[in-house]
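Visitor: What follows is the file coords-v9.cif, containing mmCIF, C-alpha atoms:
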```cif
data_target
loop_
_atom_site.label_atom_id
_atom_site.label_comp_id
_atom_site.auth_asym_id
_atom_site.auth_seq_id
_atom_site.Cartn_x
_atom_site.Cartn_y
_atom_site.Cartn_z
CA MET A 1 -14.36 6.20 19.98
CA ALA A 2 -13.13 4.47 23.10
CA ARG A 3 -9.41 4.17 23.62
CA SER A 4 -7.58 1.73 21.37
CA LYS A 5 -10.61 0.23 19.66
CA ILE A 6 -8.75 0.49 16.33
CA LEU A 7 -5.97 -1.93 15.36
CA VAL A 8 -3.70 -0.77 12.53
CA THR A 9 -1.67 -3.53 10.86
CA SER A 10 1.47 -2.72 8.85
CA SER A 11 1.48 0.44 10.98
CA THR A 12 4.99 1.49 9.90
CA GLY A 13 4.48 0.68 6.22
CA ASN A 14 3.98 2.95 3.25
CA VAL A 15 0.24 3.22 3.94
CA GLY A 16 0.14 2.44 7.64
CA LEU A 17 2.59 5.17 8.65
CA PRO A 18 0.69 8.12 7.13
CA LEU A 19 -2.54 6.56 8.41
CA SER A 20 -1.13 6.36 11.93
CA LYS A 21 0.13 9.93 11.81
CA LYS A 22 -3.23 11.20 10.57
CA LEU A 23 -5.13 9.39 13.32
CA HIS A 24 -2.80 10.89 15.91
CA GLN A 25 -3.11 14.35 14.36
CA ASP A 26 -6.91 14.07 14.59
CA ASN A 27 -6.80 12.78 18.20
CA ILE A 28 -8.14 9.32 17.30
CA GLU A 29 -6.75 6.67 19.65
CA PHE A 30 -5.46 3.51 17.99
CA THR A 31 -3.21 0.52 18.59
CA ALA A 32 -0.30 0.01 16.23
CA ALA A 33 0.30 -3.63 15.32
CA THR A 34 4.04 -4.12 14.91
CA ARG A 35 6.91 -6.51 15.46
CA ASP A 36 9.05 -3.73 16.96
CA ALA A 37 7.26 -1.26 19.25
CA GLY A 38 10.36 0.87 19.80
CA ARG A 39 11.01 1.32 16.11
CA ALA A 40 7.34 2.08 15.50
CA ARG A 41 7.27 4.87 18.08
CA GLU A 42 10.51 6.25 16.64
CA LEU A 43 8.99 6.41 13.15
CA PHE A 44 5.73 7.87 14.46
CA GLY A 45 7.37 10.58 16.52
CA PHE A 46 4.72 10.16 19.21
CA LYS A 47 3.56 7.59 21.76
CA THR A 48 0.64 5.27 21.11
CA ASP A 49 -0.55 1.83 22.19
CA THR A 50 1.17 -1.05 20.42
CA ALA A 51 0.44 -4.76 20.01
CA TYR A 52 2.86 -7.41 18.80
CA LEU A 53 1.79 -8.89 15.47
CA ASP A 54 3.78 -10.94 12.98
CA PHE A 55 1.83 -12.06 9.91
CA ARG A 56 3.83 -15.29 9.89
CA ASP A 57 2.88 -16.16 13.49
CA PRO A 58 -0.91 -16.65 13.84
CA SER A 59 -0.50 -17.59 17.50
CA GLY A 60 -0.29 -13.89 18.35
CA PHE A 61 -3.35 -12.76 16.40
CA ALA A 62 -5.96 -13.28 19.15
CA GLU A 63 -4.07 -11.22 21.70
CA ALA A 64 -3.47 -8.37 19.25
CA LEU A 65 -7.17 -8.28 18.32
CA GLN A 66 -8.49 -8.49 21.87
CA GLY A 67 -10.89 -5.66 22.68
CA LYS A 68 -10.71 -4.15 19.20
CA GLU A 69 -13.73 -3.22 17.06
CA TRP A 70 -12.15 -1.77 13.92
CA LEU A 71 -9.29 -3.29 11.93
CA PHE A 72 -7.15 -1.70 9.26
CA LEU A 73 -5.73 -4.57 7.25
CA CYS A 74 -2.80 -4.19 4.89
CA GLY A 75 -0.57 -7.11 3.99
CA PRO A 76 3.22 -7.14 4.01
CA SER A 77 4.68 -5.47 0.91
CA ALA A 78 6.88 -7.25 -1.62
CA THR A 79 6.06 -10.62 -0.02
CA PRO A 80 5.14 -13.51 -2.30
CA GLY A 81 2.21 -15.45 -0.88
CA ALA A 82 1.07 -12.55 1.29
CA GLU A 83 -2.60 -13.39 0.72
CA LYS A 84 -2.18 -16.75 2.47
CA LEU A 85 -0.67 -15.01 5.48
CA LEU A 86 -3.73 -12.76 5.82
CA VAL A 87 -6.40 -15.47 5.76
CA PRO A 88 -5.83 -16.65 9.38
CA LEU A 89 -5.86 -13.03 10.57
CA VAL A 90 -9.23 -12.38 8.89
CA GLU A 91 -10.62 -15.57 10.42
CA GLU A 92 -9.34 -14.61 13.87
CA ALA A 93 -10.76 -11.08 13.47
CA GLU A 94 -14.22 -12.49 12.95
CA LYS A 95 -13.85 -14.73 16.00
CA ALA A 96 -12.65 -11.76 18.05
CA GLY A 97 -15.76 -9.74 17.22
CA ILE A 98 -14.25 -7.15 14.91
CA LYS A 99 -17.12 -5.02 13.64
CA HIS A 100 -15.53 -3.45 10.57
CA ILE A 101 -12.47 -4.14 8.43
CA VAL A 102 -10.86 -1.46 6.27
CA PHE A 103 -8.84 -3.51 3.79
CA ILE A 104 -6.30 -2.52 1.16
CA ALA A 105 -8.04 -4.67 -1.41
CA SER A 106 -5.18 -6.42 -3.18
CA TYR A 107 -6.64 -9.92 -3.31
CA PRO A 108 -10.07 -10.72 -4.84
CA ASP A 109 -10.44 -14.05 -3.01
CA LEU A 110 -9.77 -12.42 0.34
CA MET A 111 -12.19 -9.61 -0.48
CA GLU A 112 -14.82 -12.24 -1.13
CA LYS A 113 -14.05 -13.96 2.16
CA ILE A 114 -14.40 -10.69 4.06
CA SER A 115 -17.61 -9.71 2.28
CA GLN A 116 -19.15 -13.07 3.15
CA SER A 117 -18.17 -12.79 6.83
CA SER A 118 -20.21 -11.32 9.67
CA MET A 119 -18.00 -8.21 9.65
CA ASP A 120 -18.76 -4.94 7.91
CA TYR A 121 -16.07 -3.78 5.54
CA THR A 122 -14.67 -1.02 3.36
CA PHE A 123 -12.32 -1.91 0.56
CA LEU A 124 -9.67 0.57 -0.56
CA LYS A 125 -8.78 -0.27 -4.14
CA ALA A 126 -5.50 1.36 -5.02
CA ASN A 127 -2.65 0.09 -7.15
CA PHE A 128 0.75 1.16 -8.35
CA PHE A 129 1.92 3.31 -5.51
CA MET A 130 4.48 5.99 -6.27
CA GLN A 131 6.51 4.49 -3.44
CA ASN A 132 6.95 1.34 -5.52
CA PHE A 133 9.68 3.19 -7.40
CA GLU A 134 11.60 3.20 -4.09
CA ILE A 135 10.98 -0.50 -3.53
CA TYR A 136 11.61 -1.89 -7.01
CA GLN A 137 13.49 0.72 -9.03
CA VAL A 138 15.61 2.92 -6.79
CA GLU A 139 18.94 1.29 -7.70
CA ASP A 140 18.16 1.33 -11.42
CA ILE A 141 17.15 4.99 -11.31
CA ARG A 142 19.99 6.08 -9.03
CA ASP A 143 22.84 4.02 -10.43
CA LYS A 144 21.85 3.14 -14.02
CA ASN A 145 19.67 6.14 -14.95
CA ARG A 146 16.87 3.90 -16.10
CA ILE A 147 13.47 2.46 -15.27
CA PHE A 148 13.52 -1.25 -16.05
CA MET A 149 10.05 -2.81 -15.92
CA PRO A 150 8.14 -5.25 -18.17
CA SER A 151 5.18 -2.87 -18.47
CA GLY A 152 5.24 -2.19 -22.21
CA ASP A 153 3.47 1.02 -23.12
CA GLY A 154 0.62 0.43 -20.66
CA LYS A 155 -0.54 3.24 -18.40
CA ALA A 156 -1.34 3.61 -14.70
CA PRO A 157 -2.66 6.41 -12.42
CA PHE A 158 0.15 6.26 -9.84
CA ILE A 159 -0.94 7.23 -6.31
CA HIS A 160 0.99 8.49 -3.29
CA THR A 161 0.57 6.24 -0.25
CA ARG A 162 -0.03 9.25 1.98
CA ASP A 163 -3.27 9.82 0.09
CA ILE A 164 -4.31 6.21 0.71
CA GLY A 165 -3.40 6.39 4.40
CA GLU A 166 -5.29 9.64 4.95
CA VAL A 167 -8.37 8.26 3.18
CA ALA A 168 -8.16 5.20 5.45
CA ALA A 169 -8.04 7.52 8.47
CA GLU A 170 -11.22 9.27 7.32
CA VAL A 171 -12.94 5.90 6.93
CA LEU A 172 -11.86 4.79 10.40
CA LYS A 173 -13.27 7.97 11.92
CA ASP A 174 -16.76 6.97 10.76
CA PRO A 175 -16.77 3.42 9.38
CA SER A 176 -20.56 3.23 9.10
CA ALA A 177 -20.51 6.02 6.50
CA PHE A 178 -18.41 3.80 4.22
CA LYS A 179 -20.02 0.43 5.03
CA GLY A 180 -19.91 -2.03 2.15
CA GLN A 181 -18.12 0.39 -0.18
CA ALA A 182 -15.17 -0.27 -2.46
CA LEU A 183 -13.35 3.04 -2.85
CA SER A 184 -11.23 3.34 -6.00
CA LEU A 185 -8.23 5.53 -5.16
CA THR A 186 -5.90 6.87 -7.83
CA GLY A 187 -3.48 9.63 -8.54
CA PRO A 188 -4.51 12.58 -10.71
CA GLU A 189 -3.16 11.36 -14.06
CA THR A 190 -2.78 8.16 -16.06
CA MET A 191 0.65 7.83 -17.70
CA ASP A 192 2.97 5.27 -19.22
CA HIS A 193 6.52 4.71 -18.04
CA TYR A 194 7.96 6.74 -20.89
CA ARG A 195 6.22 9.75 -19.37
CA VAL A 196 7.29 8.64 -15.89
CA ALA A 197 10.93 8.60 -17.08
CA GLU A 198 10.51 12.11 -18.49
CA ILE A 199 9.21 13.37 -15.13
CA PHE A 200 12.08 11.73 -13.23
CA SER A 201 14.49 13.34 -15.70
CA GLU A 202 12.97 16.78 -15.22
CA VAL A 203 12.88 16.65 -11.42
CA LEU A 204 16.24 14.94 -10.88
CA ASP A 205 17.91 17.00 -13.61
CA LYS A 206 19.49 13.94 -15.22
CA LYS A 207 18.42 11.79 -18.14
CA ILE A 208 16.34 8.78 -17.08
CA THR A 209 15.27 6.35 -19.79
CA TYR A 210 12.55 3.71 -19.73
CA GLU A 211 13.53 0.23 -20.85
CA ALA A 212 10.58 -2.08 -21.44
CA PRO A 213 12.06 -5.59 -21.46
CA ASP A 214 10.04 -8.62 -22.41
CA ASP A 215 9.29 -11.05 -19.60
CA GLU A 216 12.19 -13.35 -20.49
CA THR A 217 14.78 -10.55 -20.48
CA TYR A 218 13.39 -9.12 -17.25
CA SER A 219 13.38 -12.55 -15.60
CA LYS A 220 16.95 -13.30 -16.69
CA GLU A 221 18.33 -10.02 -15.33
CA LEU A 222 16.56 -10.34 -11.97
CA LYS A 223 17.68 -13.94 -11.64
CA GLN A 224 21.29 -12.84 -12.20
CA SER A 225 20.77 -10.31 -9.40
CA GLY A 226 19.77 -13.09 -7.01
CA PHE A 227 15.99 -12.81 -6.93
CA SER A 228 13.92 -15.98 -6.48
CA ASP A 229 11.68 -17.41 -9.19
CA GLU A 230 8.67 -16.83 -6.95
CA TYR A 231 9.49 -13.15 -6.59
CA ILE A 232 10.18 -12.71 -10.31
CA HIS A 233 6.93 -14.36 -11.33
CA ALA A 234 5.02 -12.17 -8.88
CA MET A 235 6.58 -9.02 -10.32
CA ILE A 236 5.86 -10.06 -13.91
CA ALA A 237 2.24 -10.67 -12.95
CA VAL A 238 1.95 -7.26 -11.29
CA PHE A 239 3.61 -5.27 -14.07
CA GLY A 240 1.75 -7.32 -16.66
CA LYS A 241 -1.45 -5.65 -15.50
CA ILE A 242 -0.02 -2.34 -16.65
CA LYS A 243 1.17 -3.84 -19.94
CA ARG A 244 -2.35 -5.14 -20.62
CA ASN A 245 -3.93 -1.85 -19.46
CA LYS A 246 -5.88 -3.70 -16.76
CA ILE A 247 -5.71 -0.63 -14.53
CA MET A 248 -8.49 1.63 -13.36
CA GLU A 249 -8.91 5.11 -14.77
CA PRO A 250 -8.34 8.16 -12.55
CA THR A 251 -11.10 8.82 -10.03
CA GLU A 252 -12.13 11.83 -7.94
CA THR A 253 -12.37 9.81 -4.70
CA VAL A 254 -9.24 11.19 -3.02
CA ARG A 255 -10.30 14.77 -3.65
CA GLU A 256 -13.89 14.10 -2.56
CA ILE A 257 -12.88 12.50 0.75
CA LEU A 258 -9.83 14.61 1.65
CA GLY A 259 -10.99 17.92 0.21
CA ARG A 260 -7.74 18.42 -1.69
CA GLU A 261 -6.12 17.23 -4.88
CA PRO A 262 -4.06 14.02 -4.84
CA ILE A 263 -0.29 14.34 -4.63
CA THR A 264 1.34 14.37 -8.07
CA LEU A 265 4.29 12.30 -9.27
CA PRO A 266 6.57 15.36 -9.65
CA GLU A 267 5.78 16.31 -6.03
CA TYR A 268 6.61 12.80 -4.85
CA ILE A 269 9.93 12.69 -6.73
CA ASP A 270 10.91 16.14 -5.47
CA GLN A 271 10.24 15.03 -1.89
CA ASN A 272 12.47 12.00 -2.39
CA LYS A 273 15.33 13.35 -4.53
CA HIS A 274 17.88 12.11 -2.00
CA LYS A 275 16.83 8.51 -2.61
CA PHE A 276 17.14 8.63 -6.39
CA SER A 277 20.20 10.86 -6.79
#
```
Kindly return the structure encoded in the file as structure tokens.

Guide:
Amino acid sequence: MARSKILVTSSTGNVGLPLSKKLHQDNIEFTAATRDAGRARELFGFKTDTAYLDFRDPSGFAEALQGKEWLFLCGPSATPGAEKLLVPLVEEAEKAGIKHIVFIASYPDLMEKISQSSMDYTFLKANFFMQNFEIYQVEDIRDKNRIFMPSGDGKAPFIHTRDIGEVAAEVLKDPSAFKGQALSLTGPETMDHYRVAEIFSEVLDKKITYEAPDDETYSKELKQSGFSDEYIHAMIAVFGKIKRNKIMEPTETVREILGREPITLPEYIDQNKHKFS
């Protein structure tokens, strides 16, 4: 590929960072979309082209997309209303002549918009990242020895974001081989949060319990901690999918594309003991 024909959004995020590192490792030139080029290069540990992009400022989209042919699209994490922020970027990408979008497929309506556009696409369908425990539960696990989520006894096949990022890198190396596909990416095992708590207990060597509050109790506690109603409702909707077992079963896609087994939850926790202890 010609230099910097790939634009990677959320390039320093949980998926974008391992994607960026894998592209660099495989000598694939890319442009990192970021609000802070210096911080991005510091996190990467190497130099690469950068382009300023802020999802909340559509005026910068055209310049960031100029000359690009392939777009990795991943919305901002833990941001209510993120789908609305991505719509103008998708529209600008089509205007700019993007040939292929690799999209972390979180939003059905946006998937439909992309599939009906003139652009080719690959959707990466992955949910319930292991890293979400860092985003949503680290203080509870570290300070209160608990997992506090309104997920009932539902199960999920938690996946490490490095696996998603490295799959995305493989797709970007040869987008035509994955044209029009929706790749379901999961971890190796489906488990409920009672089992998750057991694994945290084993790896951290301290007792972690799983509390499964109802939506009202969960909402009340988060509100007392200062979270907005919008955020709370978004979290209840997300975790409600686990409670209702509306989650995909484990797939072999990660192993088939990467040629190795997906990272396990015990491996993830062991790598991040310092955050939870």

Visitor: Have a look at atom CA of Glu166 of chain A and atom CA of Thr251 of chain A and let me know their distance in Å, one decimal.

Guide: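 Between atom CA of Glu166 of chain A and atom CA of Thr251 of chain A the gap is 16.1 Å.
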
Visitor: For a cutoff of 12 Å around the file-coordinate point (18.3, 13.4, -9.3), which residues qualify once you count all atoms listed in the file? I'd like the result as a list in words.

Guide: Val138, Ile141, Arg142, Asp143, Lys144, Asn145, Arg146, Ala197, Ile199, Phe200, Ser201, Glu202, Val203, Leu204, Asp205, Lys206, Lys207, Ile208, Pro266, Ile269, Asp270, Gln271, Asn272, Lys273, His274, Lys275, Phe276 and Ser277 of chain A

Visitor: Would you save the residues from that selection as a PDB file, in the frame of the given file, using C-alpha atoms?

Guide:
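Okay, this is what ended up in result-v7.pdb:
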```pdb
ATOM      1  CA  VAL A 138      15.610   2.920  -6.790  1.00  0.00           C
ATOM      2  CA  ILE A 141      17.150   4.990 -11.310  1.00  0.00           C
ATOM      3  CA  ARG A 142      19.990   6.080  -9.030  1.00  0.00           C
ATOM      4  CA  ASP A 143      22.840   4.020 -10.430  1.00  0.00           C
ATOM      5  CA  LYS A 144      21.850   3.140 -14.020  1.00  0.00           C
ATOM      6  CA  ASN A 145      19.670   6.140 -14.950  1.00  0.00           C
ATOM      7  CA  ARG A 146      16.870   3.900 -16.100  1.00  0.00           C
ATOM      8  CA  ALA A 197      10.930   8.600 -17.080  1.00  0.00           C
ATOM      9  CA  ILE A 199       9.210  13.370 -15.130  1.00  0.00           C
ATOM     10  CA  PHE A 200      12.080  11.730 -13.230  1.00  0.00           C
ATOM     11  CA  SER A 201      14.490  13.340 -15.700  1.00  0.00           C
ATOM     12  CA  GLU A 202      12.970  16.780 -15.220  1.00  0.00           C
ATOM     13  CA  VAL A 203      12.880  16.650 -11.420  1.00  0.00           C
ATOM     14  CA  LEU A 204      16.240  14.940 -10.880  1.00  0.00           C
ATOM     15  CA  ASP A 205      17.910  17.000 -13.610  1.00  0.00           C
ATOM     16  CA  LYS A 206      19.490  13.940 -15.220  1.00  0.00           C
ATOM     17  CA  LYS A 207      18.420  11.790 -18.140  1.00  0.00           C
ATOM     18  CA  ILE A 208      16.340   8.780 -17.080  1.00  0.00           C
ATOM     19  CA  PRO A 266       6.570  15.360  -9.650  1.00  0.00           C
ATOM     20  CA  ILE A 269       9.930  12.690  -6.730  1.00  0.00           C
ATOM     21  CA  ASP A 270      10.910  16.140  -5.470  1.00  0.00           C
ATOM     22  CA  GLN A 271      10.240  15.030  -1.890  1.00  0.00           C
ATOM     23  CA  ASN A 272      12.470  12.000  -2.390  1.00  0.00           C
ATOM     24  CA  LYS A 273      15.330  13.350  -4.530  1.00  0.00           C
ATOM     25  CA  HIS A 274      17.880  12.110  -2.000  1.00  0.00           C
ATOM     26  CA  LYS A 275      16.830   8.510  -2.610  1.00  0.00           C
ATOM     27  CA  PHE A 276      17.140   8.630  -6.390  1.00  0.00           C
ATOM     28  CA  SER A 277      20.200  10.860  -6.790  1.00  0.00           C
TER      29      SER A 277
END
```

Visitor: Could you list, as a PDB file with C-alpha atoms, in the coordinates of the input, every residue matched by the PyMOL selection byres ((chain A and resi 230-241) around 10) in this structure?

Guide:
```pdb
ATOM      1  CA  ALA A  78       6.880  -7.250  -1.620  1.00  0.00           C
ATOM      2  CA  THR A  79       6.060 -10.620  -0.020  1.00  0.00           C
ATOM      3  CA  PRO A  80       5.140 -13.510  -2.300  1.00  0.00           C
ATOM      4  CA  GLY A  81       2.210 -15.450  -0.880  1.00  0.00           C
ATOM      5  CA  ASN A 127      -2.650   0.090  -7.150  1.00  0.00           C
ATOM      6  CA  PHE A 128       0.750   1.160  -8.350  1.00  0.00           C
ATOM      7  CA  TYR A 136      11.610  -1.890  -7.010  1.00  0.00           C
ATOM      8  CA  MET A 149      10.050  -2.810 -15.920  1.00  0.00           C
ATOM      9  CA  PRO A 150       8.140  -5.250 -18.170  1.00  0.00           C
ATOM     10  CA  SER A 151       5.180  -2.870 -18.470  1.00  0.00           C
ATOM     11  CA  GLY A 152       5.240  -2.190 -22.210  1.00  0.00           C
ATOM     12  CA  GLY A 154       0.620   0.430 -20.660  1.00  0.00           C
ATOM     13  CA  LYS A 155      -0.540   3.240 -18.400  1.00  0.00           C
ATOM     14  CA  ALA A 156      -1.340   3.610 -14.700  1.00  0.00           C
ATOM     15  CA  ASP A 214      10.040  -8.620 -22.410  1.00  0.00           C
ATOM     16  CA  ASP A 215       9.290 -11.050 -19.600  1.00  0.00           C
ATOM     17  CA  GLU A 216      12.190 -13.350 -20.490  1.00  0.00           C
ATOM     18  CA  TYR A 218      13.390  -9.120 -17.250  1.00  0.00           C
ATOM     19  CA  SER A 219      13.380 -12.550 -15.600  1.00  0.00           C
ATOM     20  CA  LYS A 220      16.950 -13.300 -16.690  1.00  0.00           C
ATOM     21  CA  GLU A 221      18.330 -10.020 -15.330  1.00  0.00           C
ATOM     22  CA  LEU A 222      16.560 -10.340 -11.970  1.00  0.00           C
ATOM     23  CA  LYS A 223      17.680 -13.940 -11.640  1.00  0.00           C
ATOM     24  CA  PHE A 227      15.990 -12.810  -6.930  1.00  0.00           C
ATOM     25  CA  SER A 228      13.920 -15.980  -6.480  1.00  0.00           C
ATOM     26  CA  ASP A 229      11.680 -17.410  -9.190  1.00  0.00           C
ATOM     27  CA  ILE A 242      -0.020  -2.340 -16.650  1.00  0.00           C
ATOM     28  CA  LYS A 243       1.170  -3.840 -19.940  1.00  0.00           C
ATOM     29  CA  ARG A 244      -2.350  -5.140 -20.620  1.00  0.00           C
ATOM     30  CA  ASN A 245      -3.930  -1.850 -19.460  1.00  0.00           C
ATOM     31  CA  LYS A 246      -5.880  -3.700 -16.760  1.00  0.00           C
ATOM     32  CA  ILE A 247      -5.710  -0.630 -14.530  1.00  0.00           C
TER      33      ILE A 247
END
```

Visitor: On this file, the PyMOL selection byres ((chain A and resi 162) around 9) gives some set of residues; write that set as a CSV table (one decimal) with C-alpha atoms, in the frame of the given file.

Guide:
```csv
chain,number,residue,atom,x,y,z
A,14,ASN,CA,4.0,3.0,3.2
A,15,VAL,CA,0.2,3.2,3.9
A,16,GLY,CA,0.1,2.4,7.6
A,17,LEU,CA,2.6,5.2,8.6
A,18,PRO,CA,0.7,8.1,7.1
A,19,LEU,CA,-2.5,6.6,8.4
A,159,ILE,CA,-0.9,7.2,-6.3
A,160,HIS,CA,1.0,8.5,-3.3
A,161,THR,CA,0.6,6.2,-0.2
A,163,ASP,CA,-3.3,9.8,0.1
A,164,ILE,CA,-4.3,6.2,0.7
A,165,GLY,CA,-3.4,6.4,4.4
A,166,GLU,CA,-5.3,9.6,5.0
A,167,VAL,CA,-8.4,8.3,3.2
A,263,ILE,CA,-0.3,14.3,-4.6
```

Visitor: By how many Å are atom CA of Lys173 of chain A and atom CA of Leu53 of chain A apart?

Guide: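 Between these atoms lies a distance of 22.9 Å.
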
Visitor: Give as a PyMOL selection string each residue that has an atom at most 12 Å from (-20.5, 0.3, 0.8) in the file, counting all atoms listed in the file.

Guide: chain A and resi 100-102+115+120-124+171+175-184
